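J.: Take this structure first; my questions come after.
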Amino acid sequence: MAEDDMYTKDGTMNIHNKPANKKKTGQWKACRFILGNECCERLAYYGMSTNLVNYLQIRLNQGNVTASNNVTNWSGTCYITPLIGAFLADAYFGRFWIIAIFSIIYFCGMVLLTMTASIKGLRPSCDDNGCDPTKLQSAVCFIALYLIALGTGGIKPCVSSFGADQFDVNDEAEKKKKSSFFNWFYLSINVGALIASSVLVWIQMNVGWGWGFGIPAVAMAIAVVSFFSGSRMYRLQKPGGSPLTRICQVLVASTRKYHVKVPNDKSLLYETKDAESNIKGSCKLEHTEKLRFFDKAAVEVESDHVKSSNNPWKLCTVTQVEELKSILRLLPVWATGILFSTVYSQMSTMFVLQGNTMDQHMGPNFKIPSASLSLFDTLSVIFWAPVYDRIIVPFARKFTGHERGFTQLQRMGIGLVISIISMIVAGILEVIRLNYVRKHNYYDLEYIPMSIFWQVPQYFLIGCAEVFTFIGQLEFYYDQAPDATRSLCSALSLTTNALGNYLSTLLVTIVNKVTTRNGKMGWIPDNMNRGHLDYFYWLLAILSLLNFLVYLWIAKWYTYKKVTGRPG
């Protein structure tokens, strides 16, 4: 093997800051540690968060509204902090060190939370009348929770990108394996979630909160050990400096030159002469025709060369301009993901309310909580992720000729269609349920004699849609984000989850206000047998269809990123 072929061509380094050796680093031998870390970290997260509202109600003696608001505020923070971790990773420290540092913060938060549930003095005193926490005990509990929120902010946006970094995109064989990584990455998340939402929730409610939080803390410790165990095998991308500064430089330079005409010959636009990009860890990007106003930042004028060195606030390279264009092209695609997240969020809200009215018995003695049916979503993902990778992709490849079976945009679009079908199926079930109520006059019956397992298809369809859309998003944002902003773009994709939840809240509030006018019961009353939840599902299906049509237009307009040269 020639010496040039011994090392990766994407600019990655090993843990000792030397060029990464192809045979000794990266690929699946490194990814098994990253997947192990993610599985255990998600087990810890869901094991603690799934039942958190009950902990706040039981141990901290909070009412429904207070506990619910505290959980949603904390969850929202968990999707905002990734912007911090991503910025630090891309700009200054790199993904490896951010994951390492924030994993330790995360573990400290988990240990502190376990202590608040098990150690006398930190644990609220409880009797038959309930628990009576002191202000200090409540404060320590929330310090632990927000340490966890900070910790997850360093891991979430970096770990999927860090795993994908283990495959050299300049090597065709490794490039094909990278697509499979995202499927197995999402599968590892759901394996952790499956254990958490079944076993750990039962332990918390039947054995005790000390054990219920202690096991997730141990899982997080295993996650940290798993991550550090692979250190010698990892490939590390160099941080490229602050992406926000580079974006601002293009905006300022193009605005300053608003009167300058962009030449038709694009070779006249400013770019470094050597093969390497002047942005660390980033390949040069080819010029694209759209969003031409920003090309003005790369047009050379006499005043740009007053001093010997170029001022990046006056003159930017084509690569720097294309970096901004790439991010702007991502934003419309990102926006269409918000409504998909709204549909996804129905599993923890409307699906549960619908299930609360149905027969929850499995046999004569065992009763399954309606919220536990989300297990079928997780099982669906665990089923569809390998099926997609091993069966659907090779089958689709025969017809499309595309190495991944579908383009990333096609994959996400298929998921959007399946999400529409899931809302239609949920709506049809609600129509059947309400007809059953009317036929037998079951309006005031708490549980109607109709099995909750009729809800399984809608959960299963949501899981299938996730495999197409959410995994497609992971791959899309990694591939189409500029090299030096991958963590930041991954963090941006996570914000669709938060915004999807907020949009769901807004829709429910508007629907409730409009449909309860003039003393009417409304679509979503306390007694679901007298409401019209089916109308709400139809509303989501129609909005999702409109969203899909907009998505088709955006996908047709979208220009894929073009890479040239070597990383800087």
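Going through the structure tokens in order, the chains are called A, B, and so on, while each chain numbers its residues from 1 and the ligands are numbered from 1 in the order shown.
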Each residue of range 467-550 of chain A lying at most 12 Å from range 419-436 of chain A should get a row with its shortest atom-to-atom pair and the distance in Å to one decimal, counting only C-alpha atoms; could you produce that, ordered by chain and increasing number, as a tab-separated table?
T.:
```
residue	atom	partner	partner_atom	distance
A:Val467	CA	A:Ser419	CA	11.1
A:Phe468	CA	A:Ser419	CA	10.1
A:Thr469	CA	A:Ser419	CA	9.3
A:Phe470	CA	A:Ser419	CA	11.5
A:Trp523	CA	A:Glu430	CA	11.9
A:Asn527	CA	A:Leu434	CA	11.8
A:Met528	CA	A:Leu434	CA	9.0
A:Asn529	CA	A:Leu434	CA	6.5
A:Arg530	CA	A:Leu434	CA	8.3
A:Gly531	CA	A:Leu434	CA	8.6
A:His532	CA	A:Leu434	CA	8.1
A:Leu533	CA	A:Glu430	CA	6.8
A:Asp534	CA	A:Gly427	CA	4.6
A:Tyr535	CA	A:Gly427	CA	7.4
A:Phe536	CA	A:Gly427	CA	8.1
A:Tyr537	CA	A:Gly427	CA	5.3
A:Trp538	CA	A:Gly427	CA	6.4
A:Leu539	CA	A:Met423	CA	9.1
A:Leu540	CA	A:Met423	CA	6.9
A:Ala541	CA	A:Ile420	CA	5.2
A:Ile542	CA	A:Ile420	CA	8.1
A:Leu543	CA	A:Ile420	CA	9.0
A:Ser544	CA	A:Ile420	CA	6.0
A:Leu545	CA	A:Ile420	CA	6.6
A:Leu546	CA	A:Ile420	CA	10.2
A:Asn547	CA	A:Ile420	CA	10.0
A:Phe548	CA	A:Ile420	CA	9.0
A:Leu549	CA	A:Ile420	CA	11.9
```
J.: Restrict the selected residues to C-alpha atoms and save them as a PDB file, in the first residue's frame.
T.:
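Ended up saving to result-v1.pdb:
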```pdb
ATOM      1  CA  VAL A 467     -37.032   5.424  10.017  1.00  0.00           C
ATOM      2  CA  PHE A 468     -37.540   7.305   6.756  1.00  0.00           C
ATOM      3  CA  THR A 469     -37.718  10.930   7.946  1.00  0.00           C
ATOM      4  CA  PHE A 470     -35.734  11.222  11.195  1.00  0.00           C
ATOM      5  CA  TRP A 523     -63.291  18.779  19.853  1.00  0.00           C
ATOM      6  CA  ASN A 527     -65.008  13.465  28.373  1.00  0.00           C
ATOM      7  CA  MET A 528     -63.544  12.272  25.051  1.00  0.00           C
ATOM      8  CA  ASN A 529     -66.735  10.301  24.296  1.00  0.00           C
ATOM      9  CA  ARG A 530     -68.575  13.600  23.767  1.00  0.00           C
ATOM     10  CA  GLY A 531     -65.814  15.221  21.703  1.00  0.00           C
ATOM     11  CA  HIS A 532     -64.478  14.976  18.166  1.00  0.00           C
ATOM     12  CA  LEU A 533     -60.813  14.018  18.393  1.00  0.00           C
ATOM     13  CA  ASP A 534     -61.198  12.644  14.851  1.00  0.00           C
ATOM     14  CA  TYR A 535     -61.588  16.235  13.580  1.00  0.00           C
ATOM     15  CA  PHE A 536     -58.236  17.128  15.163  1.00  0.00           C
ATOM     16  CA  TYR A 537     -56.594  14.154  13.421  1.00  0.00           C
ATOM     17  CA  TRP A 538     -58.149  15.266  10.097  1.00  0.00           C
ATOM     18  CA  LEU A 539     -56.765  18.766  10.698  1.00  0.00           C
ATOM     19  CA  LEU A 540     -53.254  17.358  11.234  1.00  0.00           C
ATOM     20  CA  ALA A 541     -53.607  15.123   8.146  1.00  0.00           C
ATOM     21  CA  ILE A 542     -54.619  18.130   5.985  1.00  0.00           C
ATOM     22  CA  LEU A 543     -51.809  20.319   7.373  1.00  0.00           C
ATOM     23  CA  SER A 544     -49.351  17.448   6.811  1.00  0.00           C
ATOM     24  CA  LEU A 545     -50.542  17.061   3.209  1.00  0.00           C
ATOM     25  CA  LEU A 546     -50.052  20.799   2.566  1.00  0.00           C
ATOM     26  CA  ASN A 547     -46.644  20.567   4.257  1.00  0.00           C
ATOM     27  CA  PHE A 548     -45.740  17.649   1.952  1.00  0.00           C
ATOM     28  CA  LEU A 549     -46.735  19.618  -1.171  1.00  0.00           C
TER      29      LEU A 549
END
```
J.: Can you pull out the residues contacting Gly121 in chain A? Cut-off 10 Å, using only C-alpha atoms, and skip same-chain residues under 5 positions away; I want them as number ranges by chain.
T.: A: 115-116, 133-134, 136-137
J.: I'd like the contact shell of Val53 in chain A - 7 Å cut-off, only C-alpha atoms, skipping same-chain residues fewer than 3 positions apart - returned as a ChimeraX atom specification.
T.: /A:56-57,67-68,71
J.: Got time to write the residues from that selection, all heavy atoms, as a CSV table (one decimal), in the first residue's frame?
T.:
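Resulting contents of result.csv:
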```csv
chain,number,residue,atom,x,y,z
A,56,LEU,N,-42.1,14.3,40.0
A,56,LEU,CA,-42.3,15.6,40.5
A,56,LEU,C,-43.6,15.7,41.3
A,56,LEU,O,-43.7,16.5,42.3
A,56,LEU,CB,-42.3,16.6,39.4
A,56,LEU,CG,-41.0,16.8,38.6
A,56,LEU,CD1,-41.1,17.8,37.5
A,56,LEU,CD2,-39.8,17.2,39.5
A,57,GLN,N,-44.6,15.0,40.8
A,57,GLN,CA,-45.9,15.0,41.5
A,57,GLN,C,-45.8,14.3,42.9
A,57,GLN,O,-46.3,14.8,43.9
A,57,GLN,CB,-47.0,14.3,40.6
A,57,GLN,CG,-47.4,15.2,39.5
A,57,GLN,CD,-48.4,14.4,38.6
A,57,GLN,OE1,-48.3,13.2,38.3
A,57,GLN,NE2,-49.5,15.1,38.2
A,67,ALA,N,-46.1,20.4,37.6
A,67,ALA,CA,-45.2,19.3,37.2
A,67,ALA,C,-45.1,19.2,35.7
A,67,ALA,O,-44.0,19.1,35.2
A,67,ALA,CB,-45.7,18.0,37.8
A,68,SER,N,-46.2,19.4,35.0
A,68,SER,CA,-46.2,19.3,33.6
A,68,SER,C,-45.4,20.4,33.0
A,68,SER,O,-44.6,20.2,32.0
A,68,SER,CB,-47.6,19.3,33.0
A,68,SER,OG,-47.7,19.3,31.6
A,71,VAL,N,-41.6,19.8,33.5
A,71,VAL,CA,-41.1,18.8,32.6
A,71,VAL,C,-40.9,19.4,31.2
A,71,VAL,O,-39.9,19.2,30.5
A,71,VAL,CB,-42.0,17.6,32.5
A,71,VAL,CG1,-41.6,16.6,31.4
A,71,VAL,CG2,-42.0,16.8,33.9
```
J.: Could you find all residues in range 236-314 of chain A that DSSP calls alpha helix (DSSP H) from the backbone, and write them as a ChimeraX atom specification?
T.: /A:243-256
J.: I'd like to know which residues of range 280-510 of chain A are strand (DSSP E or B) (by DSSP, run on the backbone); could you write them as a PyMOL selection string?
T.: chain A and resi 284-285+358-359+361-362+366-367+448-451
J.: Just the residues within 7 Å of range 104-112 of chain A, please, counting only C-alpha atoms, with nothing from its chain fewer than 2 positions along; format it as a ChimeraX atom specification.
T.: /A:100-102,114-116,144-145,147-148,151-152,217,220-221
J.: If we count only C-alpha atoms, what is near Ser179 in chain A at a cut-off of 9 Å, once residues fewer than 6 positions away on the same chain are taken out, given as a compact mmCIF listing (two decimals) with all heavy atoms, in the first residue's frame?
T.:
```txt
# COMPACT_ATOMS: atom_id res chain seq x y z
N ALA A 164 -20.33 9.51 12.03
CA ALA A 164 -20.18 9.60 10.57
C ALA A 164 -18.77 10.03 10.17
O ALA A 164 -18.30 9.67 9.08
CB ALA A 164 -21.21 10.58 10.01
N ASP A 389 -32.27 -1.03 5.81
CA ASP A 389 -30.86 -1.12 5.44
C ASP A 389 -30.55 -2.37 4.62
O ASP A 389 -29.80 -2.31 3.65
CB ASP A 389 -30.01 -1.10 6.72
CG ASP A 389 -28.54 -0.84 6.44
OD1 ASP A 389 -28.25 0.11 5.69
OD2 ASP A 389 -27.69 -1.60 6.95
N ARG A 404 -27.70 4.53 -2.48
CA ARG A 404 -28.41 4.44 -1.19
C ARG A 404 -29.87 4.02 -1.37
O ARG A 404 -30.65 4.05 -0.42
CB ARG A 404 -28.36 5.79 -0.48
CG ARG A 404 -26.95 6.21 -0.09
CD ARG A 404 -26.93 7.64 0.40
NE ARG A 404 -25.60 8.08 0.76
CZ ARG A 404 -25.28 9.34 1.04
NH1 ARG A 404 -26.23 10.27 1.01
NH2 ARG A 404 -24.06 9.68 1.37
N GLU A 475 -28.81 11.93 8.21
CA GLU A 475 -27.88 11.76 7.09
C GLU A 475 -27.82 13.02 6.23
O GLU A 475 -26.74 13.46 5.82
CB GLU A 475 -28.32 10.56 6.25
CG GLU A 475 -27.30 10.13 5.23
CD GLU A 475 -27.72 8.87 4.48
OE1 GLU A 475 -28.75 8.25 4.84
OE2 GLU A 475 -27.03 8.52 3.51
```
J.: So that each row is one residue of range 234-343 of chain A with an atom at most 12 Å from range 80-86 of chain A, can you give its shortest atom pair and the distance in Å to one decimal, using only C-alpha atoms, rows by chain and rising number, as JSON lines?
T.:
```
{"residue": "A:Pro239", "atom": "CA", "partner": "A:Ala86", "partner_atom": "CA", "distance": 10.8}
{"residue": "A:Ser242", "atom": "CA", "partner": "A:Ala86", "partner_atom": "CA", "distance": 10.7}
{"residue": "A:Pro243", "atom": "CA", "partner": "A:Ala86", "partner_atom": "CA", "distance": 10.6}
{"residue": "A:Leu244", "atom": "CA", "partner": "A:Ala86", "partner_atom": "CA", "distance": 11.7}
```
